[in-house]
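Next comes start-v6.tsv, a file with TSV, C-alpha atoms.
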```tsv
chain	number	residue	atom	x	y	z
A	473	MET	CA	0.00	0.00	0.00
A	474	THR	CA	2.94	2.32	0.69
A	475	ALA	CA	4.18	1.78	-2.88
A	476	PHE	CA	0.69	2.58	-4.20
A	477	PHE	CA	0.61	5.96	-2.46
A	478	GLN	CA	4.18	6.67	-3.56
A	479	GLY	CA	3.01	6.07	-7.11
A	480	LEU	CA	0.44	8.84	-6.57
A	481	GLY	CA	3.25	11.29	-5.84
A	482	LEU	CA	3.44	11.17	-2.04
A	483	PRO	CA	6.88	11.04	-0.38
A	484	PHE	CA	7.78	7.79	1.36
A	485	GLU	CA	7.12	9.14	4.88
A	486	GLY	CA	3.65	10.41	3.96
A	487	ALA	CA	2.80	7.24	2.01
A	488	TRP	CA	3.91	5.04	4.92
A	489	LEU	CA	1.94	7.07	7.46
A	490	LEU	CA	-1.23	7.06	5.35
A	491	SER	CA	-1.01	3.33	4.62
A	492	THR	CA	-0.41	2.58	8.33
A	493	VAL	CA	-3.43	4.64	9.41
A	494	ILE	CA	-5.61	2.91	6.81
A	495	GLY	CA	-4.32	-0.48	7.99
A	496	ILE	CA	-5.16	0.36	11.61
A	497	LEU	CA	-8.69	1.41	10.63
A	498	VAL	CA	-9.17	-1.71	8.49
A	499	ILE	CA	-8.34	-3.85	11.53
A	500	CYS	CA	-9.88	-1.83	14.39
A	501	LEU	CA	-13.26	-1.00	12.84
A	502	PRO	CA	-14.15	-4.64	11.99
A	503	VAL	CA	-12.88	-5.77	15.41
A	504	MET	CA	-15.14	-3.26	17.18
A	505	LEU	CA	-18.09	-4.32	15.00
A	506	ALA	CA	-17.23	-7.96	15.72
A	507	VAL	CA	-17.24	-7.22	19.46
A	508	ALA	CA	-20.80	-5.88	19.19
A	509	MET	CA	-21.99	-8.93	17.26
A	510	ILE	CA	-20.07	-11.39	19.41
A	511	ILE	CA	-21.90	-10.09	22.50
A	512	TYR	CA	-25.14	-10.89	20.67
A	513	ALA	CA	-23.83	-14.35	19.78
A	514	ASP	CA	-22.79	-14.91	23.40
A	515	ARG	CA	-26.31	-14.17	24.61
A	516	LYS	CA	-27.92	-16.39	22.00
A	517	ILE	CA	-25.62	-19.31	22.88
A	518	TRP	CA	-26.37	-18.94	26.59
A	519	ALA	CA	-30.09	-18.71	25.85
A	520	ALA	CA	-30.05	-21.83	23.67
A	521	MET	CA	-28.24	-23.82	26.35
A	522	ALA	CA	-30.69	-22.66	29.00
A	523	LEU	CA	-33.70	-23.29	26.70
A	524	ARG	CA	-34.48	-19.58	26.44
A	525	ARG	CA	-34.88	-17.33	23.41
A	526	GLY	CA	-32.32	-14.60	24.02
A	527	PRO	CA	-32.43	-11.23	22.21
A	528	ASN	CA	-35.16	-11.38	19.55
A	529	VAL	CA	-37.00	-8.05	19.55
A	530	VAL	CA	-34.59	-5.22	18.65
A	531	GLY	CA	-34.02	-5.58	14.91
A	532	PRO	CA	-34.43	-8.79	12.89
A	533	PHE	CA	-33.73	-11.78	15.17
A	534	GLY	CA	-32.55	-9.29	17.81
A	535	LEU	CA	-29.40	-8.44	15.80
A	536	LEU	CA	-29.48	-4.78	16.85
A	537	GLN	CA	-29.65	-5.50	20.59
A	538	SER	CA	-25.94	-4.79	21.13
A	539	PHE	CA	-26.25	-1.44	19.33
A	540	ALA	CA	-29.32	-0.57	21.42
A	541	ASP	CA	-27.33	-1.35	24.57
A	542	GLY	CA	-24.48	0.82	23.28
A	543	LEU	CA	-26.86	3.73	22.65
A	544	LYS	CA	-28.32	3.30	26.14
A	545	VAL	CA	-24.95	3.53	27.92
A	546	PHE	CA	-23.90	6.40	25.66
A	547	LEU	CA	-26.91	8.45	26.78
A	548	GLN	CA	-26.43	7.68	30.47
A	549	GLU	CA	-24.76	10.10	32.87
A	550	THR	CA	-21.16	9.41	33.82
A	551	ILE	CA	-21.03	9.31	37.61
A	552	ILE	CA	-17.68	9.63	39.38
A	553	PRO	CA	-17.61	8.88	43.14
A	554	SER	CA	-16.67	11.93	45.16
A	555	ALA	CA	-13.81	10.13	46.94
A	556	ALA	CA	-12.39	8.56	43.77
A	557	ASN	CA	-9.15	9.55	42.09
A	558	ARG	CA	-10.81	11.26	39.12
A	559	THR	CA	-7.92	11.02	36.65
A	560	LEU	CA	-7.10	7.35	37.20
A	561	PHE	CA	-10.80	6.49	37.43
A	562	LEU	CA	-11.33	7.74	33.86
A	563	ILE	CA	-8.02	6.47	32.46
A	564	ALA	CA	-8.53	2.86	33.60
A	565	PRO	CA	-11.28	1.85	31.11
A	566	ILE	CA	-9.40	3.62	28.30
A	567	ILE	CA	-6.31	1.52	29.06
A	568	THR	CA	-8.35	-1.69	29.07
A	569	PHE	CA	-10.00	-0.97	25.72
A	570	THR	CA	-6.92	0.46	23.97
A	571	VAL	CA	-4.62	-2.40	24.99
A	572	ALA	CA	-7.19	-4.92	23.74
A	573	LEU	CA	-7.01	-3.36	20.25
A	574	MET	CA	-3.24	-2.83	20.13
A	575	ALA	CA	-2.49	-6.55	20.19
A	576	TRP	CA	-4.18	-7.07	16.80
A	577	ALA	CA	-1.31	-5.21	15.08
A	578	VAL	CA	0.75	-8.42	14.69
A	579	VAL	CA	-2.04	-10.94	14.00
A	580	PRO	CA	-1.59	-12.44	10.47
A	581	PHE	CA	-4.93	-12.90	8.71
A	582	GLN	CA	-3.19	-14.72	5.87
A	583	VAL	CA	0.25	-14.67	4.29
A	584	GLY	CA	1.36	-11.03	4.00
A	585	VAL	CA	-1.91	-9.65	5.43
A	586	VAL	CA	-0.65	-8.27	8.74
A	587	LEU	CA	-0.21	-4.69	9.94
A	588	ALA	CA	3.23	-5.24	11.50
A	589	ASN	CA	5.01	-8.46	10.53
A	590	ILE	CA	7.68	-8.14	13.24
A	591	ASN	CA	10.03	-10.95	14.22
A	592	VAL	CA	9.00	-10.79	17.88
A	593	GLY	CA	5.24	-10.72	17.29
A	594	LEU	CA	4.52	-13.33	19.95
A	595	LEU	CA	6.53	-11.41	22.56
A	596	TYR	CA	4.66	-8.25	21.57
A	597	ILE	CA	1.30	-9.92	22.19
A	598	LEU	CA	2.49	-11.33	25.52
A	599	ALA	CA	3.68	-7.88	26.61
A	600	ILE	CA	0.54	-6.07	25.44
A	601	SER	CA	-1.86	-8.59	26.97
A	602	SER	CA	-0.06	-8.33	30.32
A	603	LEU	CA	-0.72	-4.57	30.31
A	604	GLY	CA	-4.47	-5.22	30.46
A	605	VAL	CA	-4.22	-5.89	34.19
A	606	TYR	CA	-3.28	-2.23	34.74
A	607	GLY	CA	-6.74	-1.06	33.67
A	608	VAL	CA	-8.40	-3.45	36.10
A	609	VAL	CA	-6.06	-2.65	39.01
A	610	LEU	CA	-6.29	1.11	38.47
A	611	SER	CA	-10.09	1.00	38.27
A	612	GLY	CA	-10.31	-0.95	41.52
A	613	TRP	CA	-7.90	1.29	43.39
A	614	ALA	CA	-9.12	4.61	41.97
A	615	SER	CA	-12.76	3.85	42.86
A	616	ASN	CA	-11.89	4.14	46.58
A	617	SER	CA	-14.39	1.38	47.35
A	618	LYS	CA	-13.59	-1.90	49.09
A	619	TYR	CA	-15.32	-4.29	46.66
A	620	PRO	CA	-13.61	-2.97	43.51
A	621	PHE	CA	-10.33	-2.94	45.43
A	622	TYR	CA	-10.72	-6.60	46.42
A	623	SER	CA	-11.46	-7.36	42.77
A	624	ALA	CA	-8.34	-5.51	41.63
A	625	ILE	CA	-6.18	-7.54	44.02
A	626	ARG	CA	-7.78	-10.75	42.75
A	627	ALA	CA	-7.28	-9.70	39.13
A	628	SER	CA	-3.58	-8.94	39.57
A	629	ALA	CA	-2.92	-12.26	41.34
A	630	GLN	CA	-5.01	-14.22	38.83
A	631	MET	CA	-3.45	-12.72	35.70
A	632	ILE	CA	0.11	-12.99	37.02
A	633	SER	CA	-0.47	-16.63	38.00
A	634	TYR	CA	-1.69	-17.71	34.59
A	635	GLU	CA	0.73	-15.54	32.59
A	636	VAL	CA	3.58	-17.60	34.07
A	637	SER	CA	2.18	-20.87	32.75
A	638	ILE	CA	1.17	-19.21	29.45
A	639	GLY	CA	4.79	-18.11	29.07
A	640	PHE	CA	6.08	-21.69	29.37
A	641	ILE	CA	3.37	-22.91	26.96
A	642	LEU	CA	4.48	-20.33	24.41
A	643	ILE	CA	8.10	-21.40	24.87
A	644	CYS	CA	7.08	-24.89	23.69
A	645	VAL	CA	5.48	-23.42	20.55
A	646	VAL	CA	8.46	-21.15	19.85
A	647	LEU	CA	10.92	-24.02	20.27
A	648	TRP	CA	8.98	-26.15	17.80
A	649	ALA	CA	8.55	-23.36	15.23
A	650	GLY	CA	12.00	-21.86	15.73
A	651	SER	CA	10.61	-18.32	15.55
A	652	PHE	CA	8.67	-15.65	17.45
A	653	ASN	CA	7.08	-14.42	14.20
A	654	LEU	CA	3.41	-15.40	14.11
A	655	THR	CA	3.35	-15.96	10.35
A	656	GLU	CA	6.32	-18.34	10.59
A	657	ILE	CA	4.68	-20.12	13.54
A	658	VAL	CA	1.56	-20.71	11.42
A	659	GLU	CA	3.59	-21.86	8.41
A	660	SER	CA	5.52	-24.32	10.59
A	661	GLN	CA	2.27	-26.18	11.33
A	662	LYS	CA	1.84	-27.58	7.80
A	663	GLY	CA	1.77	-31.26	7.05
A	664	TYR	CA	1.51	-33.18	10.31
A	665	TYR	CA	1.35	-36.88	9.37
A	666	GLY	CA	1.40	-35.69	5.76
A	667	PHE	CA	-2.11	-34.24	5.65
A	668	LEU	CA	-3.00	-32.29	8.85
A	669	ASN	CA	-2.25	-28.65	9.68
A	670	GLY	CA	-1.90	-27.61	13.31
A	671	ASN	CA	0.35	-28.04	16.34
A	672	GLY	CA	-2.67	-29.46	18.13
A	673	PHE	CA	-2.14	-32.72	16.22
A	674	ASN	CA	1.36	-33.01	17.70
A	675	PRO	CA	1.27	-35.35	20.76
A	676	LEU	CA	3.85	-33.16	22.53
A	677	LEU	CA	1.92	-29.93	21.91
A	678	PHE	CA	-1.70	-31.11	22.23
A	679	PRO	CA	-1.61	-30.95	26.08
A	680	MET	CA	-0.23	-27.42	25.72
A	681	ALA	CA	-3.15	-26.51	23.44
A	682	ILE	CA	-5.64	-27.63	26.10
A	683	MET	CA	-3.77	-25.79	28.85
A	684	PHE	CA	-3.53	-22.64	26.74
A	685	LEU	CA	-7.29	-22.69	26.11
A	686	ILE	CA	-8.02	-22.97	29.84
A	687	SER	CA	-5.36	-20.38	30.73
A	688	ALA	CA	-6.85	-18.00	28.15
A	689	MET	CA	-10.19	-18.22	29.95
A	690	ALA	CA	-8.47	-17.40	33.24
A	691	GLU	CA	-6.41	-14.60	31.67
A	692	THR	CA	-9.54	-12.92	30.28
A	693	ALA	CA	-11.49	-13.56	33.52
A	694	ARG	CA	-14.13	-15.59	31.74
A	695	ALA	CA	-16.29	-18.13	33.53
A	696	PRO	CA	-15.56	-20.36	35.34
A	697	PHE	CA	-12.65	-18.10	36.30
A	698	ASP	CA	-14.56	-14.79	36.55
A	699	LEU	CA	-13.52	-14.25	40.16
A	700	THR	CA	-12.90	-10.55	39.46
A	701	GLU	CA	-16.63	-10.06	38.79
A	702	ALA	CA	-18.08	-12.54	41.32
A	703	GLU	CA	-21.39	-10.83	42.08
A	704	SER	CA	-22.09	-13.05	45.09
A	705	GLU	CA	-18.97	-11.67	46.80
A	706	LEU	CA	-17.95	-8.40	45.12
A	707	VAL	CA	-21.22	-6.82	43.88
A	708	ALA	CA	-19.84	-6.51	40.33
A	709	GLY	CA	-16.09	-6.43	40.86
A	710	TYR	CA	-13.73	-3.74	39.65
A	711	GLN	CA	-16.41	-1.96	37.57
A	712	THR	CA	-18.92	-1.61	40.42
A	713	GLU	CA	-18.59	2.19	40.59
A	714	TYR	CA	-18.62	2.71	36.81
A	715	SER	CA	-21.49	3.84	34.62
A	716	SER	CA	-22.18	5.07	31.08
A	717	MET	CA	-19.40	4.80	28.47
A	718	ALA	CA	-16.69	4.08	31.05
A	719	PHE	CA	-18.52	0.86	31.93
A	720	ALA	CA	-19.06	0.11	28.23
A	721	LEU	CA	-15.31	0.39	27.55
A	722	PHE	CA	-14.62	-2.33	30.11
A	723	TRP	CA	-17.29	-4.48	28.47
A	724	LEU	CA	-15.86	-3.91	24.98
A	725	GLY	CA	-12.28	-4.45	26.14
A	726	GLU	CA	-13.20	-7.75	27.78
A	727	TYR	CA	-14.81	-9.11	24.62
A	728	ALA	CA	-11.99	-7.78	22.41
A	729	ASN	CA	-9.55	-9.71	24.63
A	730	VAL	CA	-11.71	-12.83	24.35
A	731	ILE	CA	-11.67	-12.62	20.54
A	732	LEU	CA	-7.89	-12.09	20.64
A	733	MET	CA	-7.41	-15.20	22.78
A	734	CYS	CA	-9.60	-17.17	20.38
A	735	ALA	CA	-7.38	-15.95	17.53
A	736	LEU	CA	-4.23	-16.96	19.42
A	737	ASN	CA	-5.63	-20.45	20.04
A	738	ALA	CA	-6.16	-20.77	16.29
A	739	LEU	CA	-2.79	-19.27	15.31
A	740	LEU	CA	-0.58	-21.11	17.78
A	741	PHE	CA	-2.12	-24.58	17.80
A	742	TRP	CA	-4.67	-25.10	15.04
A	743	GLY	CA	-3.10	-23.74	11.87
A	744	GLY	CA	-4.36	-20.16	11.93
A	745	TYR	CA	-5.23	-19.18	8.37
A	746	LEU	CA	-4.31	-22.65	7.05
A	747	PRO	CA	-7.09	-25.16	6.25
A	748	PRO	CA	-7.32	-28.00	8.80
A	749	VAL	CA	-6.32	-30.57	6.13
A	750	ASP	CA	-3.28	-30.09	3.89
A	751	TRP	CA	-5.24	-30.69	0.68
A	752	ALA	CA	-4.67	-28.45	-2.35
A	753	PRO	CA	-8.34	-27.60	-3.17
A	754	LEU	CA	-8.88	-26.26	0.38
A	755	TYR	CA	-6.23	-23.60	-0.21
A	756	PHE	CA	-8.54	-21.91	-2.74
A	757	VAL	CA	-10.59	-20.73	0.26
A	758	PRO	CA	-9.00	-17.46	1.48
A	759	GLY	CA	-6.95	-17.90	4.64
A	760	ILE	CA	-8.88	-15.17	6.43
A	761	ILE	CA	-12.05	-17.31	6.13
A	762	TRP	CA	-10.33	-20.27	7.80
A	763	LEU	CA	-9.01	-18.02	10.58
A	764	PHE	CA	-12.44	-16.49	11.23
A	765	ALA	CA	-14.08	-19.93	11.26
A	766	LYS	CA	-11.59	-21.13	13.90
A	767	ILE	CA	-12.05	-17.95	15.96
A	768	LEU	CA	-15.82	-18.47	15.94
A	769	PHE	CA	-15.39	-22.10	16.97
A	770	PHE	CA	-13.23	-21.18	19.96
A	771	PHE	CA	-15.62	-18.40	20.92
A	772	PHE	CA	-18.40	-20.98	20.94
A	773	VAL	CA	-16.25	-23.07	23.30
A	774	PHE	CA	-15.76	-20.03	25.58
A	775	SER	CA	-19.54	-19.41	25.66
A	776	TRP	CA	-20.27	-23.11	26.10
A	777	VAL	CA	-18.02	-23.28	29.16
A	778	LYS	CA	-19.54	-20.11	30.62
A	779	ALA	CA	-23.06	-21.49	30.22
A	780	THR	CA	-22.34	-24.90	31.72
A	781	VAL	CA	-19.43	-24.81	34.21
A	782	PRO	CA	-19.93	-23.35	37.71
A	783	ARG	CA	-17.55	-20.72	39.02
A	784	TYR	CA	-14.35	-21.90	40.73
A	785	ARG	CA	-13.48	-20.90	44.27
A	786	TYR	CA	-10.48	-18.59	44.45
A	787	ASP	CA	-8.27	-21.17	46.17
A	788	GLN	CA	-9.12	-23.68	43.42
A	789	LEU	CA	-8.17	-21.09	40.80
A	790	MET	CA	-4.78	-20.46	42.38
A	791	ARG	CA	-4.11	-24.17	42.93
A	792	LEU	CA	-4.84	-24.95	39.29
A	793	GLY	CA	-2.46	-22.23	38.10
A	794	TRP	CA	0.47	-22.78	40.45
A	795	LYS	CA	0.32	-26.48	41.36
A	796	ILE	CA	-0.91	-28.03	38.10
A	797	PHE	CA	-0.38	-25.77	35.08
A	798	LEU	CA	2.99	-24.31	36.08
A	799	PRO	CA	4.85	-27.61	36.77
A	800	THR	CA	3.15	-29.33	33.82
A	801	SER	CA	4.07	-26.58	31.36
A	802	LEU	CA	7.64	-26.51	32.72
A	803	LEU	CA	7.86	-30.30	32.27
A	804	PHE	CA	6.75	-29.99	28.64
A	805	VAL	CA	9.40	-27.34	27.99
A	806	PHE	CA	11.99	-29.99	28.94
A	807	LEU	CA	10.22	-32.68	26.89
A	808	VAL	CA	9.90	-30.55	23.75
A	809	SER	CA	13.44	-29.16	23.95
A	810	GLY	CA	14.84	-32.63	24.65
A	811	PHE	CA	12.94	-34.16	21.74
A	812	LEU	CA	14.16	-31.43	19.39
A	813	MET	CA	17.77	-31.86	20.55
A	814	LEU	CA	17.57	-35.61	19.84
A	815	THR	CA	15.87	-35.31	16.43
A	816	ARG	CA	16.17	-31.91	14.79
A	817	TYR	CA	19.54	-30.72	16.07
A	818	GLY	CA	21.45	-34.01	16.02
A	819	GLY	CA	22.00	-34.29	19.75
A	820	ALA	CA	21.95	-38.10	19.53
A	821	GLN	CA	25.11	-38.22	17.42
```
Could you render the structure as structure tokens?
Amino acid sequence: MTAFFQGLGLPFEGAWLLSTVIGILVICLPVMLAVAMIIYADRKIWAAMALRRGPNVVGPFGLLQSFADGLKVFLQETIIPSAANRTLFLIAPIITFTVALMAWAVVPFQVGVVLANINVGLLYILAISSLGVYGVVLSGWASNSKYPFYSAIRASAQMISYEVSIGFILICVVLWAGSFNLTEIVESQKGYYGFLNGNGFNPLLFPMAIMFLISAMAETARAPFDLTEAESELVAGYQTEYSSMAFALFWLGEYANVILMCALNALLFWGGYLPPVDWAPLYFVPGIIWLFAKILFFFFVFSWVKATVPRYRYDQLMRLGWKIFLPTSLLFVFLVSGFLMLTRYGGAQ
């Protein structure tokens, strides 16, 4: 795109800036629209599993319900508690929402279709996703209310706990692919057993795929790990004191993070934009279609779990992260690295 604008007479700096801004809009606007529709899909899935109808009045089949909810919160008054830290109180939801969108910069939708194809794309996503906890912690502390503060403490402990095991899981993927670049990680998943695409079909990486899926639910505070929003204990968690668009930004940021984690599940373990079977006719389907189909499948799994699995106790959440996932992921780092040393790098000679 930069070359196209240079051909129109723009200098390189102006062409690069214009193409980058257009690329950001092409990614961010569909993601924000997808967040609105995914909230609708979430409600319909829950309703179907509980034998209810879900949204069905606002617009055809209730499709405009999310936009009606957005209009409602937009028209509400923004209330800031008198004892709150006003600046941090307003910055917190902005951080949550902005960070959720920034991570999409390195997500490859198909070969060459990525805003920033950097060599450390996976590290970038890990760093950006870890910043999301700041929005939650700041909102809990700045509200000057005990229930949001308890939620903020829970959120920081929960996210740190599961980021440790996620880090070891990602080390396994990086070792196998030999790169931090997400496009190269996807391309390395071709041809398992001669006809399957995806690290999930690798016996050494399949347990990591399951652990990453569960850790992603904990990292995004989705049920059954939504201890930061446990209404039976914390009223509504860190966003208790929020209203209007500030509350909506938390809501949008949460769902944008969920979609991102669904995309990472697809990219790291199930072939990303590759078809599930390494068969030539399937490659005529654009890679972005395969990626979206896998994202929707994993989102269905997220909603399925939320509708059917009861919430964990906090001690169970911590025990799962520190006593099960952490040692297991560390063990698989040794297994994967040892297997690669014996086979790929000639350590047996």
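Across A:Leu721, A:Ala690, A:Ile510, A:Ile638, the tightest approach to Ile767 (chain A) is made by A:Ile510 when counting only C-alpha atoms.
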Minimum-distance residue to Arg791 (chain A), chosen among A:Leu647, A:Gln630, A:Asn653, A:Pro753 (using all atoms listed in the file): A:Gln630
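Using only C-alpha atoms, the smallest distance between any of A:Ala735, A:Leu803, A:Ile496, A:Met813 and Ile643 (chain A) comes from A:Leu803.
Ranking A:Val646, A:Val808, A:Met683, A:Ala508 by their shortest atom-to-atom distance to Gly593 (chain A), with all atoms listed in the file included, puts A:Val646 first.
Using all atoms listed in the file for every distance, the candidate list A:Tyr786, A:Trp518, A:Phe477, A:Phe806 yields A:Tyr786 as the residue closest to Pro696 (chain A).
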The residues within 10 Å of (-7.3, -11.9, 17.0), using all atoms listed in the file and the coordinates of the file, should be reported as number ranges by chain; which are they? A: 499, 503, 572-573, 575-581, 728-739, 763-764, 767
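Using all atoms listed in the file, the smallest distance between any of A:Leu594, A:Leu610, A:Val636, A:Ala720 and Leu547 (chain A) comes from A:Ala720.
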Might you pull out every residue within 8 Å of Phe640 (chain A), with all atoms listed in the file counted and same-chain residues fewer than 2 positions away left off, and present them as an MDAnalysis selection string? chainID A and resid 636:638 642:644 798 801:802 805
Identify the residues around (-35.0, -15.2, 16.6) within a radius of 7 Å, measuring from only C-alpha atoms in the coordinates stated by the file, and give them as an MDAnalysis selection string. chainID A and resid 528 533:534
Residue neighbourhood Ser660 (chain A), 9 Å, all atoms listed in the file, exclusion window fewer than 3 positions, as an mmCIF file with C-alpha atoms, in the coordinates of the input:
```cif
data_model
loop_
_atom_site.group_PDB
_atom_site.id
_atom_site.type_symbol
_atom_site.label_atom_id
_atom_site.label_comp_id
_atom_site.auth_asym_id
_atom_site.auth_seq_id
_atom_site.Cartn_x
_atom_site.Cartn_y
_atom_site.Cartn_z
ATOM 1 C CA TRP A 648 8.980 -26.150 17.800
ATOM 2 C CA ALA A 649 8.550 -23.360 15.230
ATOM 3 C CA GLY A 650 12.000 -21.860 15.730
ATOM 4 C CA THR A 655 3.350 -15.960 10.350
ATOM 5 C CA GLU A 656 6.320 -18.340 10.590
ATOM 6 C CA ILE A 657 4.680 -20.120 13.540
ATOM 7 C CA GLY A 663 1.770 -31.260 7.050
ATOM 8 C CA ASN A 669 -2.250 -28.650 9.680
ATOM 9 C CA GLY A 670 -1.900 -27.610 13.310
ATOM 10 C CA ASN A 671 0.350 -28.040 16.340
ATOM 11 C CA GLY A 743 -3.100 -23.740 11.870
#
```
So what do you get for CA of Arg558 (chain A) versus CA of Ala614 (chain A), distance-wise? 7.4 Å
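Between CA of Ala693 (chain A) and CA of Ile517 (chain A) there is a distance of 18.6 Å.
The space between CA of Phe476 (chain A) and CA of Phe756 (chain A) spans 26.2 Å.
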Please list as a ChimeraX atom specification every residue within 10 Å of Met631 (chain A), counting all atoms listed in the file and excluding residues in the same chain fewer than 2 positions away. /A:601-602,604-605,626-629,633-636,687-688,690-693,793
May I have the residues within 8 Å of Gln537 (chain A) as a ChimeraX atom specification, using all atoms listed in the file and disregarding those fewer than 6 positions away in the same chain? /A:512,527,529-531
